[in-house]
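Enquirer: I have a structure I would like to understand better, so I am pasting it below and will then ask my questions one at a time.
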Amino acid sequence: MADRKTRTAWYTGRGMIYKRCRVAVIGAGPGGLSAAIRLAELGVDVMILDDKPSAGGQLFKQIHKFFGSEHHMAGVRGIEIGSLLLGRCKELRIPILLNTPVWGVFPGFIVAGESEGEALIVEAEAIIVATGAGENALAFPGWTLPGVMGAGAAQTLVNFYRVRPGNRALVIGAGNVGLIVSYQLLQAGIEVAAVVEGMDRVGGYMVHASKVRRMSVPVLTRHTIVSAEGTERVSGCRIAEVDPSFNTIPGTEKDFQVDMICVAVGLSPAVELLRAMDVPMCYVRELGGYLPLHNEVLMTKKAGVFVAGDLSGIEEASSAMEEGRLAAVSVTEYLGAVSPEIASREKARISENLDKLRSGPFGELIMRKKQDVFTRYRHVQ
């Protein structure tokens, strides 16, 4: 298999589809799309693979307006940003292979499942992994009943498919996701009985909490769910106050009649593919748990493997898009497609944009924890 023609014939003869690109991007969310766009703009041959039936990731579930500056599309809704990114991919003729789960990554090539059911071999000189994050589960009596779902599932049903999954909901978790989903449920005509939060304060931005409270939804801190009630599906739930050790306090129980329980207790980076590649990991609770060790330019300890977006630590979609661009510039420099001088200037500009996004109390914590990751990276051989 000395050349591309020979390799193509070898793969085709074994019922495999063969493709080649300089850089493969795994994940078609905000980070992956932004990375692919910048790579194409810099003249690098790029391809996107994603296991979902549609591209855009979480953007098409986000009907709220973004924060930040005009550069970060402040005041623009996530669904509109997703359309803009996909439109730019179309202009640049970037191939996006959907329904294509990646089965494994090996030195120089990727093995994936093509949408027609055949195996797909993609040869690439470098990859950017932008697989995003998965929702954390919460186990309690009755948690397997129909009607109990994650925040992402609720957003998919309401914002993407325009389906109301219930009439009255309890939301668990007062972080940004829980608060935003609560407001989106209200917009869809679903009553929110309460938002419960185990911590002693709201974890999300107060602007989101204020919108929910203005709609007369109680946000109950130092509370947790005790159980979901029902036989065929959820028909009610019980909550209770918790002490500083998060044990429920007897006599503080409250019952609600609800037909939907939405769980929003955080996200964890989707590291499964990188674990299979034996990429070194580290654990940072504030960034979502286990994540790949990477440096300031998003390079991992595996040669030619870069990361972007929530996979590198849970943040907002605006940060994921900037990280996608940063990973793209880092890859082009790694491949020698741009000069170190050009790459250095662009990396400095993107890093400055990220610093602006990470300003404020929440962002400063993220920056400190990111620096911890960079320090660990330098000390791992």
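As shown in the structure tokens, the chain order sets the letters A, B, ...; within each chain, residues go from 1, and ligands are also counted from 1 in the order they appear.
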Which of segment 189-288 of chain A counts as strand (DSSP E) under DSSP, as a PyMOL selection string please?

Expert: chain A and resi 191-197+219-221+223-230+234-241+254-256+260-263+267-269+281-284

Enquirer: Given the selection you just returned, output its residues as a file containing N, CA and C atoms, formatted as a CSV table (one decimal), in the first residue's frame.

Expert:
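File produced: again04.csv:
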```
chain,number,residue,atom,x,y,z
A,191,GLU,N,-45.6,24.5,32.8
A,191,GLU,CA,-45.5,25.1,34.1
A,191,GLU,C,-44.3,24.4,34.9
A,192,VAL,N,-43.5,25.3,35.5
A,192,VAL,CA,-42.4,24.8,36.3
A,192,VAL,C,-42.8,25.0,37.8
A,193,ALA,N,-43.0,23.8,38.5
A,193,ALA,CA,-43.4,23.9,39.9
A,193,ALA,C,-42.3,24.5,40.8
A,194,ALA,N,-41.0,24.1,40.5
A,194,ALA,CA,-39.9,24.7,41.3
A,194,ALA,C,-38.6,24.2,40.7
A,195,VAL,N,-37.6,25.0,41.0
A,195,VAL,CA,-36.2,24.6,40.7
A,195,VAL,C,-35.5,24.3,42.0
A,196,VAL,N,-35.0,23.1,42.2
A,196,VAL,CA,-34.3,22.7,43.4
A,196,VAL,C,-32.8,22.6,43.2
A,197,GLU,N,-32.1,23.1,44.2
A,197,GLU,CA,-30.6,23.1,44.2
A,197,GLU,C,-30.0,22.7,45.5
A,219,VAL,N,-37.1,29.1,43.4
A,219,VAL,CA,-35.8,28.5,43.3
A,219,VAL,C,-35.4,28.1,44.8
A,220,LEU,N,-35.4,26.8,45.1
A,220,LEU,CA,-35.2,26.3,46.4
A,220,LEU,C,-33.8,25.8,46.6
A,221,THR,N,-33.0,26.6,47.2
A,221,THR,CA,-31.6,26.1,47.5
A,221,THR,C,-31.6,25.2,48.8
A,223,HIS,N,-32.0,22.1,48.8
A,223,HIS,CA,-33.1,21.1,48.7
A,223,HIS,C,-32.6,20.1,47.7
A,224,THR,N,-33.1,18.9,47.8
A,224,THR,CA,-32.9,17.9,46.8
A,224,THR,C,-34.1,17.0,46.6
A,225,ILE,N,-34.1,16.2,45.5
A,225,ILE,CA,-35.3,15.3,45.3
A,225,ILE,C,-35.1,14.1,46.1
A,226,VAL,N,-36.2,13.6,46.7
A,226,VAL,CA,-36.2,12.4,47.5
A,226,VAL,C,-36.7,11.2,46.7
A,227,SER,N,-37.7,11.4,45.9
A,227,SER,CA,-38.3,10.4,45.0
A,227,SER,C,-39.2,10.9,44.0
A,228,ALA,N,-39.3,10.1,42.9
A,228,ALA,CA,-40.3,10.4,41.9
A,228,ALA,C,-41.4,9.4,42.1
A,229,GLU,N,-42.7,9.8,42.0
A,229,GLU,CA,-43.8,9.0,42.2
A,229,GLU,C,-44.5,8.7,40.9
A,230,GLY,N,-45.2,7.5,40.8
A,230,GLY,CA,-45.9,7.1,39.7
A,230,GLY,C,-45.8,5.6,39.4
A,234,VAL,N,-44.2,9.4,35.5
A,234,VAL,CA,-44.1,10.3,36.6
A,234,VAL,C,-45.5,11.0,36.8
A,235,SER,N,-46.0,10.9,38.1
A,235,SER,CA,-47.2,11.6,38.5
A,235,SER,C,-47.0,12.6,39.6
A,236,GLY,N,-45.8,12.6,40.2
A,236,GLY,CA,-45.5,13.5,41.3
A,236,GLY,C,-44.1,13.2,41.8
A,237,CYS,N,-43.7,14.0,42.8
A,237,CYS,CA,-42.3,13.9,43.3
A,237,CYS,C,-42.3,14.4,44.7
A,238,ARG,N,-41.3,14.1,45.5
A,238,ARG,CA,-41.1,14.6,46.8
A,238,ARG,C,-39.7,15.1,46.9
A,239,ILE,N,-39.6,16.3,47.5
A,239,ILE,CA,-38.3,16.9,47.8
A,239,ILE,C,-38.1,17.2,49.3
A,240,ALA,N,-36.9,17.5,49.7
A,240,ALA,CA,-36.7,17.8,51.1
A,240,ALA,C,-35.5,18.7,51.2
A,241,GLU,N,-35.4,19.4,52.3
A,241,GLU,CA,-34.2,20.2,52.6
A,241,GLU,C,-33.0,19.3,53.0
A,254,LYS,N,-41.6,18.1,50.9
A,254,LYS,CA,-42.6,18.8,50.2
A,254,LYS,C,-43.0,17.9,49.0
A,255,ASP,N,-44.3,17.8,48.7
A,255,ASP,CA,-44.8,17.0,47.6
A,255,ASP,C,-45.3,17.9,46.5
A,256,PHE,N,-45.0,17.5,45.2
A,256,PHE,CA,-45.5,18.3,44.1
A,256,PHE,C,-46.1,17.3,43.1
A,260,MET,N,-43.3,15.6,34.9
A,260,MET,CA,-42.0,15.7,34.3
A,260,MET,C,-41.0,16.1,35.3
A,261,ILE,N,-39.8,15.5,35.3
A,261,ILE,CA,-38.7,15.8,36.2
A,261,ILE,C,-37.5,16.0,35.3
A,262,CYS,N,-36.9,17.2,35.3
A,262,CYS,CA,-35.8,17.6,34.4
A,262,CYS,C,-34.5,17.7,35.3
A,263,VAL,N,-33.6,16.8,35.0
A,263,VAL,CA,-32.3,16.7,35.7
A,263,VAL,C,-31.2,17.6,35.0
A,267,LEU,N,-22.4,18.7,33.6
A,267,LEU,CA,-21.9,18.0,32.4
A,267,LEU,C,-20.5,17.5,32.7
A,268,SER,N,-20.2,16.5,31.9
A,268,SER,CA,-18.8,15.9,32.0
A,268,SER,C,-18.3,15.8,30.6
A,269,PRO,N,-17.0,16.1,30.4
A,269,PRO,CA,-16.4,16.0,29.1
A,269,PRO,C,-16.5,14.6,28.5
A,281,MET,N,-5.0,11.7,31.0
A,281,MET,CA,-6.1,12.5,31.5
A,281,MET,C,-5.8,13.1,32.9
A,282,CYS,N,-6.6,14.1,33.3
A,282,CYS,CA,-6.5,14.7,34.6
A,282,CYS,C,-7.9,14.9,35.1
A,283,TYR,N,-8.0,15.0,36.4
A,283,TYR,CA,-9.4,15.3,37.0
A,283,TYR,C,-9.4,16.7,37.6
A,284,VAL,N,-10.4,17.5,37.1
A,284,VAL,CA,-10.6,18.8,37.6
A,284,VAL,C,-12.1,19.0,37.8
```

Enquirer: Which of segment 185-350 of chain A end up as helix (DSSP H, G or I) when DSSP is run on this backbone - answer as a ChimeraX atom specification?

Expert: /A:185-187,206-214,272-276,285-287,309-312,317-335,340-350

Enquirer: Selected residues, C-alpha atoms, written as a short mmCIF file (atom, residue, chain, number, x, y, z; two decimals), in the first residue's frame, please.

Expert:
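The file below, part31.cif, is the result:
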```
data_model
loop_
_atom_site.label_atom_id
_atom_site.label_comp_id
_atom_site.auth_asym_id
_atom_site.auth_seq_id
_atom_site.Cartn_x
_atom_site.Cartn_y
_atom_site.Cartn_z
CA LEU A 185 -39.98 25.15 29.43
CA LEU A 186 -42.03 28.15 30.52
CA GLN A 187 -41.80 29.60 27.01
CA MET A 206 -28.27 35.78 38.29
CA VAL A 207 -29.71 37.15 35.06
CA HIS A 208 -31.04 33.65 34.31
CA ALA A 209 -32.27 33.14 37.88
CA SER A 210 -34.05 36.51 37.82
CA LYS A 211 -35.96 35.63 34.64
CA VAL A 212 -37.24 32.43 36.24
CA ARG A 213 -38.16 34.13 39.50
CA ARG A 214 -40.04 36.86 37.64
CA GLU A 272 -14.38 8.04 25.84
CA LEU A 273 -12.67 8.23 22.44
CA LEU A 274 -9.53 9.81 23.89
CA ARG A 275 -9.41 7.22 26.67
CA ALA A 276 -9.44 4.50 24.02
CA ARG A 285 -13.94 19.01 39.33
CA GLU A 286 -14.56 22.63 38.37
CA LEU A 287 -14.07 21.82 34.67
CA GLY A 309 -14.74 22.87 23.27
CA ASP A 310 -16.31 21.19 26.29
CA LEU A 311 -14.02 18.19 25.85
CA SER A 312 -11.20 20.39 27.15
CA ALA A 317 -20.53 27.79 23.46
CA SER A 318 -18.74 31.11 22.81
CA SER A 319 -15.60 29.71 24.44
CA ALA A 320 -15.96 26.48 22.44
CA MET A 321 -15.97 28.43 19.18
CA GLU A 322 -12.86 30.39 20.14
CA GLU A 323 -11.13 27.17 21.21
CA GLY A 324 -12.04 25.62 17.86
CA ARG A 325 -10.28 28.48 16.09
CA LEU A 326 -7.30 28.19 18.42
CA ALA A 327 -7.01 24.45 17.79
CA ALA A 328 -7.21 25.08 14.04
CA VAL A 329 -4.33 27.57 14.09
CA SER A 330 -2.30 25.24 16.31
CA VAL A 331 -2.82 22.37 13.87
CA THR A 332 -1.81 24.46 10.86
CA GLU A 333 1.38 25.42 12.65
CA TYR A 334 1.99 21.77 13.63
CA LEU A 335 1.62 20.74 9.97
CA PRO A 340 5.26 30.44 13.17
CA GLU A 341 4.98 34.24 13.02
CA ILE A 342 1.46 34.19 11.56
CA ALA A 343 0.39 31.43 13.94
CA SER A 344 1.80 33.29 16.94
CA ARG A 345 -0.11 36.48 16.13
CA GLU A 346 -3.40 34.66 15.62
CA LYS A 347 -3.00 32.50 18.72
CA ALA A 348 -2.35 35.63 20.78
CA ARG A 349 -5.49 37.27 19.40
CA ILE A 350 -7.67 34.25 20.11
#
```

Enquirer: Counting only C-alpha atoms, which residues in segment 112-171 of chain A sit no more than 7 Å from segment 52-66 of chain A? For each one, give the nearest pair of atoms and the distance in Å, sorted by chain then residue number, as CSV.

Expert:
```
residue,atom,partner,partner_atom,distance
A:Gln155,CA,A:Lys61,CA,5.7
A:Thr156,CA,A:Lys61,CA,6.0
A:Asn159,CA,A:Lys61,CA,5.4
A:Phe160,CA,A:Lys61,CA,6.0
```

Enquirer: Counting only C-alpha atoms, which residue out of A:Val338, A:Met299, A:Ala124, A:Leu365 sits closest to Val25 of chain A?

Expert: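 So, comparing all the options, the nearest one is A:Ala124.
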
Enquirer: Using only C-alpha atoms, determine which residues lie at most 12 Å from Ala154 of chain A, disregarding the query and same-chain residues fewer than 2 positions distant; provide the list as a PyMOL selection string.

Expert: chain A and resi 61-62+135+147-152+156-166+169-171+177-178+180-186+188+190+260-264

Enquirer: With a distance cut-off of 7 Å and only C-alpha atoms, select the neighbouring residues of Thr100 of chain A, excluding the residue or stretch itself and same-chain residues fewer than 5 positions from it, and output the selection as a PDB file with C-alpha atoms, in the first residue's frame.

Expert:
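As written to disk, part-v9.pdb reads:
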```
ATOM      1  CA  LEU A  49     -17.251  13.468  11.253  1.00  0.00           C
ATOM      2  CA  ASP A  50     -20.179  13.300  13.677  1.00  0.00           C
ATOM      3  CA  ASP A  51     -22.365  10.467  14.934  1.00  0.00           C
ATOM      4  CA  ALA A 112     -15.661   5.036  11.538  1.00  0.00           C
ATOM      5  CA  GLY A 113     -19.104   3.748  10.617  1.00  0.00           C
ATOM      6  CA  GLU A 114     -20.423   5.284   7.399  1.00  0.00           C
ATOM      7  CA  SER A 115     -24.136   6.165   7.160  1.00  0.00           C
TER       8      SER A 115
END
```

Enquirer: Interatomic distance between atom CA of Arg358 of chain A and atom CA of Gly204 of chain A?

Expert: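 Computing it gives 14.5 Å between the two atoms.
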
Enquirer: Counting only C-alpha atoms, which of A:Val111, A:Leu97, A:Leu293, A:Ile48 gets nearest to Arg376 of chain A?

Expert: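 Nearest to Arg376 of chain A: A:Leu293.
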
Enquirer: Determine the nearest neighbour of Met47 of chain A from the options A:Glu118, A:Glu80, A:Asp372, A:Glu123, counting only C-alpha atoms.

Expert: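 Result for the nearest residue to Met47 of chain A: A:Glu123.
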
Enquirer: Could you check how far atom CA of Ile79 of chain A sits from atom CA of Ile128 of chain A, in Å to one decimal?

Expert: 23.5 Å

Enquirer: Excluding Leu120 of chain A and residues on its chain fewer than 6 positions from it, collect all residues at most 12 Å away from it, counting only C-alpha atoms, and give them as a VMD selection string.

Expert: chain A and resid 8 11 to 12 14 to 20 49 97 99 to 105 109 to 114

Enquirer: If we count only C-alpha atoms and set the cut-off at 8 Å, which residues sit around Asn295 of chain A, ignoring sequence neighbours fewer than 6 positions away in its own chain? Please answer as a ChimeraX atom specification.

Expert: /A:373-374,377-378

Enquirer: Restricting it to C-alpha atoms, dump the selection as a PDB file, in the first residue's frame.

Expert:
```pdb
ATOM      1  CA  VAL A 373      -4.111  21.705  33.545  1.00  0.00           C
ATOM      2  CA  PHE A 374      -1.373  23.430  31.540  1.00  0.00           C
ATOM      3  CA  TYR A 377       0.715  18.912  31.004  1.00  0.00           C
ATOM      4  CA  ARG A 378       4.261  20.237  31.222  1.00  0.00           C
TER       5      ARG A 378
END
```

Enquirer: Between atom CA of Gly198 of chain A and atom CA of Ser245 of chain A, what is the spacing in Å?

Expert: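 So the answer is 10.1 Å.
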
Enquirer: Counting only C-alpha atoms, figure out which residue out of A:Phe106, A:Ala24, A:Ile314, A:Ala35 gets nearest to Gly288 of chain A.

Expert: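 Closest to Gly288 of chain A, using only C-alpha atoms: A:Ile314.
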
Enquirer: Name the closest residue to Ile26 of chain A among the candidates A:Ala130, A:Val305, A:Glu364, A:Pro280; distances are taken between atoms, counting only C-alpha atoms.

Expert: A:Ala130
